[in-house]
file query24.cif (mmCIF, C-alpha atoms)
data_structure
loop_
_atom_site.group_PDB
_atom_site.id
_atom_site.type_symbol
_atom_site.label_atom_id
_atom_site.label_comp_id
_atom_site.auth_asym_id
_atom_site.auth_seq_id
_atom_site.Cartn_x
_atom_site.Cartn_y
_atom_site.Cartn_z
ATOM 1 C CA MET A 121 -3.369 58.819 13.634
ATOM 2 C CA VAL A 122 -2.988 55.938 11.211
ATOM 3 C CA GLU A 123 0.676 56.766 10.657
ATOM 4 C CA SER A 124 1.274 56.824 14.419
ATOM 5 C CA PHE A 125 -0.521 53.486 14.796
ATOM 6 C CA LEU A 126 1.536 51.904 12.007
ATOM 7 C CA ASN A 127 4.737 53.263 13.550
ATOM 8 C CA LEU A 128 3.742 51.758 16.896
ATOM 9 C CA PHE A 129 2.916 48.472 15.225
ATOM 10 C CA GLU A 130 6.235 48.511 13.379
ATOM 11 C CA GLN A 131 8.051 48.979 16.707
ATOM 12 C CA MET A 132 6.147 46.047 18.225
ATOM 13 C CA GLY A 133 7.296 43.901 15.319
ATOM 14 C CA TYR A 134 6.625 40.215 14.871
ATOM 15 C CA GLY A 135 6.544 39.637 18.616
ATOM 16 C CA GLY A 136 3.635 42.052 18.823
ATOM 17 C CA ILE A 137 1.772 40.052 16.175
ATOM 18 C CA VAL A 138 2.329 36.851 18.139
ATOM 19 C CA LEU A 139 1.120 38.442 21.381
ATOM 20 C CA LEU A 140 -1.963 40.119 19.930
ATOM 21 C CA MET A 141 -2.985 37.094 17.859
ATOM 22 C CA ALA A 142 -2.602 34.929 20.965
ATOM 23 C CA LEU A 143 -5.133 37.207 22.647
ATOM 24 C CA GLU A 144 -7.414 37.047 19.598
ATOM 25 C CA SER A 145 -7.253 33.276 19.445
ATOM 26 C CA SER A 146 -8.065 32.879 23.133
ATOM 27 C CA PHE A 147 -11.339 33.887 24.743
ATOM 28 C CA PHE A 148 -10.469 37.616 24.825
ATOM 29 C CA PRO A 149 -12.656 39.628 22.386
ATOM 30 C CA PHE A 150 -9.821 41.070 20.296
ATOM 31 C CA PRO A 151 -10.284 41.340 16.510
ATOM 32 C CA SER A 152 -7.618 39.788 14.306
ATOM 33 C CA GLU A 153 -8.314 42.420 11.642
ATOM 34 C CA VAL A 154 -6.691 45.049 13.871
ATOM 35 C CA VAL A 155 -3.487 42.985 13.892
ATOM 36 C CA MET A 156 -3.011 41.347 10.531
ATOM 37 C CA ILE A 157 -4.291 44.058 8.183
ATOM 38 C CA PRO A 158 -1.765 46.637 9.495
ATOM 39 C CA ALA A 159 0.908 43.961 9.175
ATOM 40 C CA GLY A 160 -0.025 43.661 5.512
ATOM 41 C CA VAL A 161 0.173 47.438 5.081
ATOM 42 C CA LEU A 162 3.662 47.448 6.607
ATOM 43 C CA ALA A 163 4.645 44.544 4.359
ATOM 44 C CA ALA A 164 3.575 46.561 1.310
ATOM 45 C CA GLN A 165 5.750 49.409 2.548
ATOM 46 C CA GLY A 166 8.731 47.067 2.866
ATOM 47 C CA LYS A 167 8.790 47.387 6.645
ATOM 48 C CA MET A 168 7.739 43.803 7.317
ATOM 49 C CA ASN A 169 8.150 40.473 5.585
ATOM 50 C CA PRO A 170 4.633 39.237 4.708
ATOM 51 C CA TRP A 171 5.567 35.584 5.186
ATOM 52 C CA LEU A 172 7.058 36.228 8.618
ATOM 53 C CA ALA A 173 3.939 38.222 9.497
ATOM 54 C CA ILE A 174 1.761 35.270 8.470
ATOM 55 C CA LEU A 175 3.922 32.805 10.416
ATOM 56 C CA SER A 176 3.776 35.106 13.455
ATOM 57 C CA GLY A 177 -0.001 35.219 13.140
ATOM 58 C CA ILE A 178 -0.195 31.425 13.008
ATOM 59 C CA LEU A 179 2.131 31.100 16.007
ATOM 60 C CA GLY A 180 0.006 33.521 18.006
ATOM 61 C CA SER A 181 -3.131 31.625 17.008
ATOM 62 C CA TRP A 182 -1.544 28.403 18.217
ATOM 63 C CA ILE A 183 -0.677 29.940 21.594
ATOM 64 C CA GLY A 184 -4.176 31.295 22.166
ATOM 65 C CA ALA A 185 -5.796 28.080 20.969
ATOM 66 C CA LEU A 186 -3.594 26.019 23.296
ATOM 67 C CA LEU A 187 -4.647 28.228 26.217
ATOM 68 C CA ASN A 188 -8.303 27.478 25.517
ATOM 69 C CA TYR A 189 -7.512 23.812 24.881
ATOM 70 C CA TYR A 190 -5.828 23.310 28.246
ATOM 71 C CA ILE A 191 -8.431 25.345 30.123
ATOM 72 C CA ALA A 192 -10.986 22.879 28.785
ATOM 73 C CA VAL A 193 -8.757 19.896 29.619
ATOM 74 C CA TRP A 194 -8.095 20.965 33.217
ATOM 75 C CA PHE A 195 -11.298 22.726 34.220
ATOM 76 C CA GLY A 196 -13.932 22.143 31.542
ATOM 77 C CA ARG A 197 -15.505 18.864 32.527
ATOM 78 C CA PRO A 198 -15.699 19.457 36.315
ATOM 79 C CA ILE A 199 -17.286 22.887 35.792
ATOM 80 C CA LEU A 200 -19.731 21.672 33.140
ATOM 81 C CA ASP A 201 -20.682 18.610 35.168
ATOM 82 C CA LYS A 202 -21.615 20.932 38.019
ATOM 83 C CA TYR A 203 -23.081 23.927 36.214
ATOM 84 C CA GLY A 204 -23.657 22.756 32.652
ATOM 85 C CA LYS A 205 -27.372 22.186 33.174
ATOM 86 C CA TYR A 206 -27.797 25.938 33.651
ATOM 87 C CA ALA A 207 -26.254 26.504 30.200
ATOM 88 C CA PHE A 208 -28.381 23.811 28.513
ATOM 89 C CA MET A 209 -25.440 21.397 28.635
ATOM 90 C CA PRO A 210 -26.458 18.523 30.944
ATOM 91 C CA PRO A 211 -24.051 15.555 31.281
ATOM 92 C CA HIS A 212 -25.743 13.405 28.615
ATOM 93 C CA ARG A 213 -25.577 16.223 26.057
ATOM 94 C CA LEU A 214 -21.970 16.916 26.999
ATOM 95 C CA ASP A 215 -21.163 13.255 26.368
ATOM 96 C CA LYS A 216 -22.656 13.573 22.879
ATOM 97 C CA VAL A 217 -20.560 16.664 22.162
ATOM 98 C CA GLU A 218 -17.395 14.894 23.278
ATOM 99 C CA HIS A 219 -18.230 11.806 21.224
ATOM 100 C CA PHE A 220 -18.907 13.964 18.157
ATOM 101 C CA PHE A 221 -15.581 15.721 18.534
ATOM 102 C CA VAL A 222 -13.724 12.434 18.974
ATOM 103 C CA GLU A 223 -15.191 11.320 15.647
ATOM 104 C CA HIS A 224 -15.020 14.613 13.753
ATOM 105 C CA GLY A 225 -12.518 16.799 15.611
ATOM 106 C CA GLU A 226 -10.224 17.453 12.657
ATOM 107 C CA ILE A 227 -12.841 18.817 10.255
ATOM 108 C CA SER A 228 -14.556 20.721 13.087
ATOM 109 C CA THR A 229 -11.324 22.383 14.190
ATOM 110 C CA PHE A 230 -10.284 23.338 10.656
ATOM 111 C CA THR A 231 -13.621 24.763 9.516
ATOM 112 C CA GLY A 232 -14.270 26.357 12.916
ATOM 113 C CA ARG A 233 -11.128 28.477 12.535
ATOM 114 C CA LEU A 234 -12.596 29.968 9.349
ATOM 115 C CA ILE A 235 -16.006 30.958 10.724
ATOM 116 C CA PRO A 236 -16.443 34.302 12.515
ATOM 117 C CA ALA A 237 -17.420 34.119 16.204
ATOM 118 C CA VAL A 238 -16.522 30.404 16.214
ATOM 119 C CA ARG A 239 -12.762 30.499 15.631
ATOM 120 C CA GLN A 240 -11.953 31.664 19.172
ATOM 121 C CA TYR A 241 -14.031 28.993 20.899
ATOM 122 C CA ILE A 242 -13.595 25.876 18.771
ATOM 123 C CA SER A 243 -10.611 24.915 20.949
ATOM 124 C CA PHE A 244 -12.822 24.323 23.988
ATOM 125 C CA PRO A 245 -14.617 21.203 22.664
ATOM 126 C CA ALA A 246 -11.259 19.974 21.363
ATOM 127 C CA GLY A 247 -9.873 20.201 24.885
ATOM 128 C CA LEU A 248 -12.965 18.625 26.436
ATOM 129 C CA SER A 249 -12.620 15.616 24.155
ATOM 130 C CA ARG A 250 -8.820 15.581 24.616
ATOM 131 C CA MET A 251 -8.253 15.679 20.883
ATOM 132 C CA ASN A 252 -4.825 14.457 19.799
ATOM 133 C CA LEU A 253 -2.546 17.457 20.324
ATOM 134 C CA PHE A 254 -0.603 17.073 17.077
ATOM 135 C CA ARG A 255 -3.807 16.903 15.031
ATOM 136 C CA PHE A 256 -5.278 19.799 16.975
ATOM 137 C CA LEU A 257 -2.254 21.986 16.215
ATOM 138 C CA LEU A 258 -2.145 20.847 12.579
ATOM 139 C CA PHE A 259 -5.757 21.693 11.760
ATOM 140 C CA THR A 260 -5.727 24.828 13.905
ATOM 141 C CA GLY A 261 -2.652 25.998 12.016
ATOM 142 C CA LEU A 262 -4.209 25.248 8.632
ATOM 143 C CA GLY A 263 -7.391 27.161 9.412
ATOM 144 C CA ALA A 264 -5.608 30.056 11.093
ATOM 145 C CA GLY A 265 -3.103 30.183 8.241
ATOM 146 C CA ILE A 266 -5.833 30.735 5.663
ATOM 147 C CA TRP A 267 -7.462 33.449 7.767
ATOM 148 C CA VAL A 268 -4.316 35.454 8.551
ATOM 149 C CA THR A 269 -3.156 35.164 4.933
ATOM 150 C CA VAL A 270 -6.428 36.696 3.767
ATOM 151 C CA LEU A 271 -6.056 39.581 6.223
ATOM 152 C CA VAL A 272 -2.418 40.223 5.308
ATOM 153 C CA TRP A 273 -3.388 40.224 1.637
ATOM 154 C CA ILE A 274 -6.074 42.866 2.308
ATOM 155 C CA GLY A 275 -3.561 45.018 4.172
ATOM 156 C CA TYR A 276 -0.996 44.525 1.412
ATOM 157 C CA ALA A 277 -3.559 45.635 -1.177
ATOM 158 C CA ALA A 278 -4.258 48.733 0.907
ATOM 159 C CA GLY A 279 -0.575 49.520 1.140
ATOM 160 C CA THR A 280 0.073 49.208 -2.596
ATOM 161 C CA GLN A 281 -3.112 50.692 -4.066
ATOM 162 C CA LEU A 282 -3.514 53.710 -1.815
ATOM 163 C CA ASP A 283 -1.029 56.585 -1.841
ATOM 164 C CA ASN A 284 -2.397 58.187 1.320
ATOM 165 C CA ILE A 285 -3.426 55.507 3.773
ATOM 166 C CA THR A 286 -6.093 56.595 6.225
ATOM 167 C CA SER A 287 -8.243 54.726 8.699
ATOM 168 C CA GLU A 288 -11.207 55.420 6.403
ATOM 169 C CA SER A 289 -9.462 53.979 3.353
ATOM 170 C CA ILE A 290 -8.409 50.820 5.174
ATOM 171 C CA SER A 291 -11.873 50.458 6.668
ATOM 172 C CA ALA A 292 -13.441 50.930 3.232
ATOM 173 C CA LEU A 293 -11.172 48.270 1.740
ATOM 174 C CA TRP A 294 -12.029 45.882 4.578
ATOM 175 C CA HIS A 295 -15.764 46.447 4.116
ATOM 176 C CA GLN A 296 -15.325 46.003 0.372
ATOM 177 C CA TYR A 297 -13.829 42.565 0.781
ATOM 178 C CA SER A 298 -15.241 41.359 4.117
ATOM 179 C CA THR A 299 -18.644 40.253 2.817
ATOM 180 C CA GLU A 300 -17.181 38.443 -0.176
ATOM 181 C CA ILE A 301 -14.507 36.807 1.975
ATOM 182 C CA THR A 302 -16.988 35.700 4.626
ATOM 183 C CA ILE A 303 -19.372 34.267 2.040
ATOM 184 C CA GLY A 304 -16.500 32.575 0.234
ATOM 185 C CA LEU A 305 -15.159 30.969 3.411
ATOM 186 C CA VAL A 306 -18.621 29.813 4.481
ATOM 187 C CA LEU A 307 -19.221 28.287 1.041
ATOM 188 C CA PHE A 308 -15.790 26.671 1.136
ATOM 189 C CA CYS A 309 -16.561 25.186 4.557
ATOM 190 C CA GLY A 310 -19.948 23.990 3.294
ATOM 191 C CA VAL A 311 -18.396 22.202 0.319
ATOM 192 C CA LEU A 312 -15.646 20.727 2.492
ATOM 193 C CA ILE A 313 -18.096 19.487 5.127
ATOM 194 C CA SER A 314 -20.350 17.991 2.431
ATOM 195 C CA ALA A 315 -17.382 16.145 0.940
ATOM 196 C CA TYR A 316 -16.375 14.983 4.411
ATOM 197 C CA ILE A 317 -19.892 13.677 5.168
ATOM 198 C CA PHE A 318 -19.912 11.792 1.859
ATOM 199 C CA TRP A 319 -16.502 10.285 2.624
ATOM 200 C CA TYR A 320 -17.451 9.426 6.222
ATOM 201 C CA ARG A 321 -20.703 7.690 5.278
ATOM 202 C CA ARG A 322 -18.960 5.762 2.513
ATOM 203 C CA LYS A 323 -16.317 4.681 5.020
ATOM 204 C CA LYS A 324 -19.018 3.523 7.438
ATOM 205 C CA ARG A 325 -20.784 1.529 4.733
ATOM 206 C CA LYS A 326 -17.552 -0.218 3.783
ATOM 207 C CA LYS A 327 -16.939 -1.169 7.411
ATOM 208 C CA ALA A 328 -20.477 -2.533 7.683
ATOM 209 C CA LEU A 329 -19.947 -4.870 4.723
#
call {"tool": "encode", "arguments": {"input": "query24.cif", "output": "structure tokens"}}
result
Amino acid sequence: MVESFLNLFEQMGYGGIVLLMALESSFFPFPSEVVMIPAGVLAAQGKMNPWLAILSGILGSWIGALLNYYIAVWFGRPILDKYGKYAFMPPHRLDKVEHFFVEHGEISTFTGRLIPAVRQYISFPAGLSRMNLFRFLLFTGLGAGIWVTVLVWIGYAAGTQLDNITSESISALWHQYSTEITIGLVLFCGVLISAYIFWYRRKKRKKAL
């Protein structure tokens, strides 16, 4: 079954990575692990270039993130102004969210792409606040790049360390690393956000002088 899946994935190629990662990066509940880990396995087997796989993953992430971004730009505010109170998002709270993202959109976008269950939806507040598109793509690409690189590396390790690749062996390798990776990324985001807060407050104090 695994061999058939890898053969199918090999036939889909880099375009398949772009398409599936675009789905993952949008609001569709599609796991990126199903895409990038097999790409890493194929890279270990010499059937894919790992760097092209990573670039394809980033490109797909950009496409999905842009879909969410423009949905928020075109439809977000009118819908939330009308129905937001039912989702605990009245207009005054929505204004605060937009103001926060105007001030801190870059760090929020970057770290949001690294946090599970947040990475798919961080583009919505960016679109609501009409974050600068170049900066949005830059920090989305940086965050997505780290994530897809980690997944390709896991797949590559599976492809080089295991003679007989099975769904159980890949799953075991993912479970072996997933907790450590998640904790590491959360700690990394915590340190980065702390440094950002320190820098931001220092900047504010200098302006006040």
call {"tool": "residues_near_point", "arguments": {"input": "query24.cif", "point": "(7.7, 41.7, 14.9)", "cutoff": "10 Å", "atoms": "all atoms listed in the file", "output": "list in words"}}
result
Phe129, Glu130, Gln131, Met132, Gly133, Tyr134, Gly135, Gly136, Ile137, Val138, Leu139, Ala159, Met168, Asn169, Leu172, Ala173 and Ser176 of chain A
call {"tool": "write_last_selection", "arguments": {"input": "query24.cif", "atoms": "C-alpha atoms", "output": "CSV table (one decimal), in the coordinates of the input"}}
result
chain,number,residue,atom,x,y,z
A,129,PHE,CA,2.9,48.5,15.2
A,130,GLU,CA,6.2,48.5,13.4
A,131,GLN,CA,8.1,49.0,16.7
A,132,MET,CA,6.1,46.0,18.2
A,133,GLY,CA,7.3,43.9,15.3
A,134,TYR,CA,6.6,40.2,14.9
A,135,GLY,CA,6.5,39.6,18.6
A,136,GLY,CA,3.6,42.1,18.8
A,137,ILE,CA,1.8,40.1,16.2
A,138,VAL,CA,2.3,36.9,18.1
A,139,LEU,CA,1.1,38.4,21.4
A,159,ALA,CA,0.9,44.0,9.2
A,168,MET,CA,7.7,43.8,7.3
A,169,ASN,CA,8.2,40.5,5.6
A,172,LEU,CA,7.1,36.2,8.6
A,173,ALA,CA,3.9,38.2,9.5
A,176,SER,CA,3.8,35.1,13.5
call {"tool": "resolve_selection", "arguments": {"input": "query24.cif", "expression": "the PyMOL selection byres ((chain A and resi 182) around 9)", "output": "PyMOL selection string"}}
result
chain A and resi 141-142+145+177-181+183-187+257+260-261+264
call {"tool": "write_last_selection", "arguments": {"input": "query24.cif", "atoms": "C-alpha atoms", "output": "mmCIF file, in the coordinates of the input"}}
result
data_model
loop_
_atom_site.group_PDB
_atom_site.id
_atom_site.type_symbol
_atom_site.label_atom_id
_atom_site.label_comp_id
_atom_site.auth_asym_id
_atom_site.auth_seq_id
_atom_site.Cartn_x
_atom_site.Cartn_y
_atom_site.Cartn_z
ATOM 1 C CA MET A 141 -2.985 37.094 17.859
ATOM 2 C CA ALA A 142 -2.602 34.929 20.965
ATOM 3 C CA SER A 145 -7.253 33.276 19.445
ATOM 4 C CA GLY A 177 -0.001 35.219 13.140
ATOM 5 C CA ILE A 178 -0.195 31.425 13.008
ATOM 6 C CA LEU A 179 2.131 31.100 16.007
ATOM 7 C CA GLY A 180 0.006 33.521 18.006
ATOM 8 C CA SER A 181 -3.131 31.625 17.008
ATOM 9 C CA ILE A 183 -0.677 29.940 21.594
ATOM 10 C CA GLY A 184 -4.176 31.295 22.166
ATOM 11 C CA ALA A 185 -5.796 28.080 20.969
ATOM 12 C CA LEU A 186 -3.594 26.019 23.296
ATOM 13 C CA LEU A 187 -4.647 28.228 26.217
ATOM 14 C CA LEU A 257 -2.254 21.986 16.215
ATOM 15 C CA THR A 260 -5.727 24.828 13.905
ATOM 16 C CA GLY A 261 -2.652 25.998 12.016
ATOM 17 C CA ALA A 264 -5.608 30.056 11.093
#
call {"tool": "residues_around", "arguments": {"input": "query24.cif", "residues": "Met156 of chain A", "least_positions_apart": "2", "cutoff": "9 Å", "atoms": "all atoms listed in the file", "output": "PDB file with C-alpha atoms, keeping the file's coordinate frame"}}
result
ATOM      1  CA  ILE A 137       1.772  40.052  16.175  1.00  0.00           C
ATOM      2  CA  MET A 141      -2.985  37.094  17.859  1.00  0.00           C
ATOM      3  CA  SER A 152      -7.618  39.788  14.306  1.00  0.00           C
ATOM      4  CA  GLU A 153      -8.314  42.420  11.642  1.00  0.00           C
ATOM      5  CA  VAL A 154      -6.691  45.049  13.871  1.00  0.00           C
ATOM      6  CA  PRO A 158      -1.765  46.637   9.495  1.00  0.00           C
ATOM      7  CA  ALA A 159       0.908  43.961   9.175  1.00  0.00           C
ATOM      8  CA  GLY A 160      -0.025  43.661   5.512  1.00  0.00           C
ATOM      9  CA  VAL A 161       0.173  47.438   5.081  1.00  0.00           C
ATOM     10  CA  ALA A 173       3.939  38.222   9.497  1.00  0.00           C
ATOM     11  CA  ILE A 174       1.761  35.270   8.470  1.00  0.00           C
ATOM     12  CA  GLY A 177      -0.001  35.219  13.140  1.00  0.00           C
ATOM     13  CA  VAL A 268      -4.316  35.454   8.551  1.00  0.00           C
ATOM     14  CA  THR A 269      -3.156  35.164   4.933  1.00  0.00           C
ATOM     15  CA  VAL A 270      -6.428  36.696   3.767  1.00  0.00           C
ATOM     16  CA  LEU A 271      -6.056  39.581   6.223  1.00  0.00           C
ATOM     17  CA  VAL A 272      -2.418  40.223   5.308  1.00  0.00           C
ATOM     18  CA  TRP A 273      -3.388  40.224   1.637  1.00  0.00           C
ATOM     19  CA  ILE A 274      -6.074  42.866   2.308  1.00  0.00           C
ATOM     20  CA  GLY A 275      -3.561  45.018   4.172  1.00  0.00           C
TER      21      GLY A 275
END
call {"tool": "resolve_selection", "arguments": {"input": "query24.cif", "expression": "the PyMOL selection byres ((chain A and resi 244) around 9)", "output": "list in words"}}
result
Ala185, Asn188, Tyr189, Tyr190, Ile191, Ala192, Val193, Gly196, Gln240, Tyr241, Ile242, Ser243, Pro245, Ala246, Gly247, Leu248 and Ser249 of chain A
call {"tool": "closest_residue", "arguments": {"input": "query24.cif", "among": "A:Val306, A:Leu262, A:Leu140, A:Leu214", "to": "Val155 of chain A", "atoms": "only C-alpha atoms"}}
result
A:Leu140
call {"tool": "atom_distance", "arguments": {"input": "query24.cif", "atom1": "atom CA of Phe147 of chain A", "atom2": "atom CA of Pro198 of chain A"}}
result
19.0 Å
call {"tool": "closest_residue", "arguments": {"input": "query24.cif", "among": "A:Phe150, A:Ile199, A:Ile317, A:Leu162", "to": "Leu128 of chain A", "atoms": "all atoms listed in the file"}}
result
A:Leu162
call {"tool": "closest_residue", "arguments": {"input": "query24.cif", "among": "A:Tyr316, A:Phe195, A:Pro236, A:Gln165", "to": "Glu223 of chain A", "atoms": "all atoms listed in the file"}}
result
A:Tyr316
call {"tool": "atom_distance", "arguments": {"input": "query24.cif", "atom1": "atom CA of Lys216 of chain A", "atom2": "atom CA of Arg197 of chain A"}}
result
13.1 Å
call {"tool": "resolve_selection", "arguments": {"input": "query24.cif", "expression": "the PyMOL selection byres ((chain A and resi 235) around 9)", "output": "short mmCIF file (atom, residue, chain, number, x, y, z; two decimals) with C-alpha atoms, in the coordinates of the input"}}
result
data_model
loop_
_atom_site.label_atom_id
_atom_site.label_comp_id
_atom_site.auth_asym_id
_atom_site.auth_seq_id
_atom_site.Cartn_x
_atom_site.Cartn_y
_atom_site.Cartn_z
CA THR A 231 -13.62 24.76 9.52
CA GLY A 232 -14.27 26.36 12.92
CA ARG A 233 -11.13 28.48 12.54
CA LEU A 234 -12.60 29.97 9.35
CA PRO A 236 -16.44 34.30 12.52
CA ALA A 237 -17.42 34.12 16.20
CA VAL A 238 -16.52 30.40 16.21
CA ARG A 239 -12.76 30.50 15.63
CA THR A 302 -16.99 35.70 4.63
CA LEU A 305 -15.16 30.97 3.41
CA VAL A 306 -18.62 29.81 4.48
CA CYS A 309 -16.56 25.19 4.56
#
call {"tool": "atom_distance", "arguments": {"input": "query24.cif", "atom1": "atom CA of Ser298 of chain A", "atom2": "atom CA of Arg255 of chain A"}}
result
29.1 Å
call {"tool": "axis_aligned_box", "arguments": {"input": "query24.cif", "around": "segment 230-237 of chain A", "padding_each_side": "4 Å", "output": "AutoDock Vina command-line options"}}
result
--center_x -13.9 --center_y 28.8 --center_z 12.8 --size_x 15.1 --size_y 19.0 --size_z 14.9
call {"tool": "closest_residue", "arguments": {"input": "query24.cif", "among": "A:Ser146, A:Thr299, A:Thr229, A:Asn127", "to": "Ile313 of chain A", "atoms": "only C-alpha atoms"}}
result
A:Thr229
call {"tool": "closest_residue", "arguments": {"input": "query24.cif", "among": "A:Gly225, A:Ile301, A:Trp267, A:Phe318", "to": "Leu253 of chain A", "atoms": "all atoms listed in the file"}}
result
A:Gly225
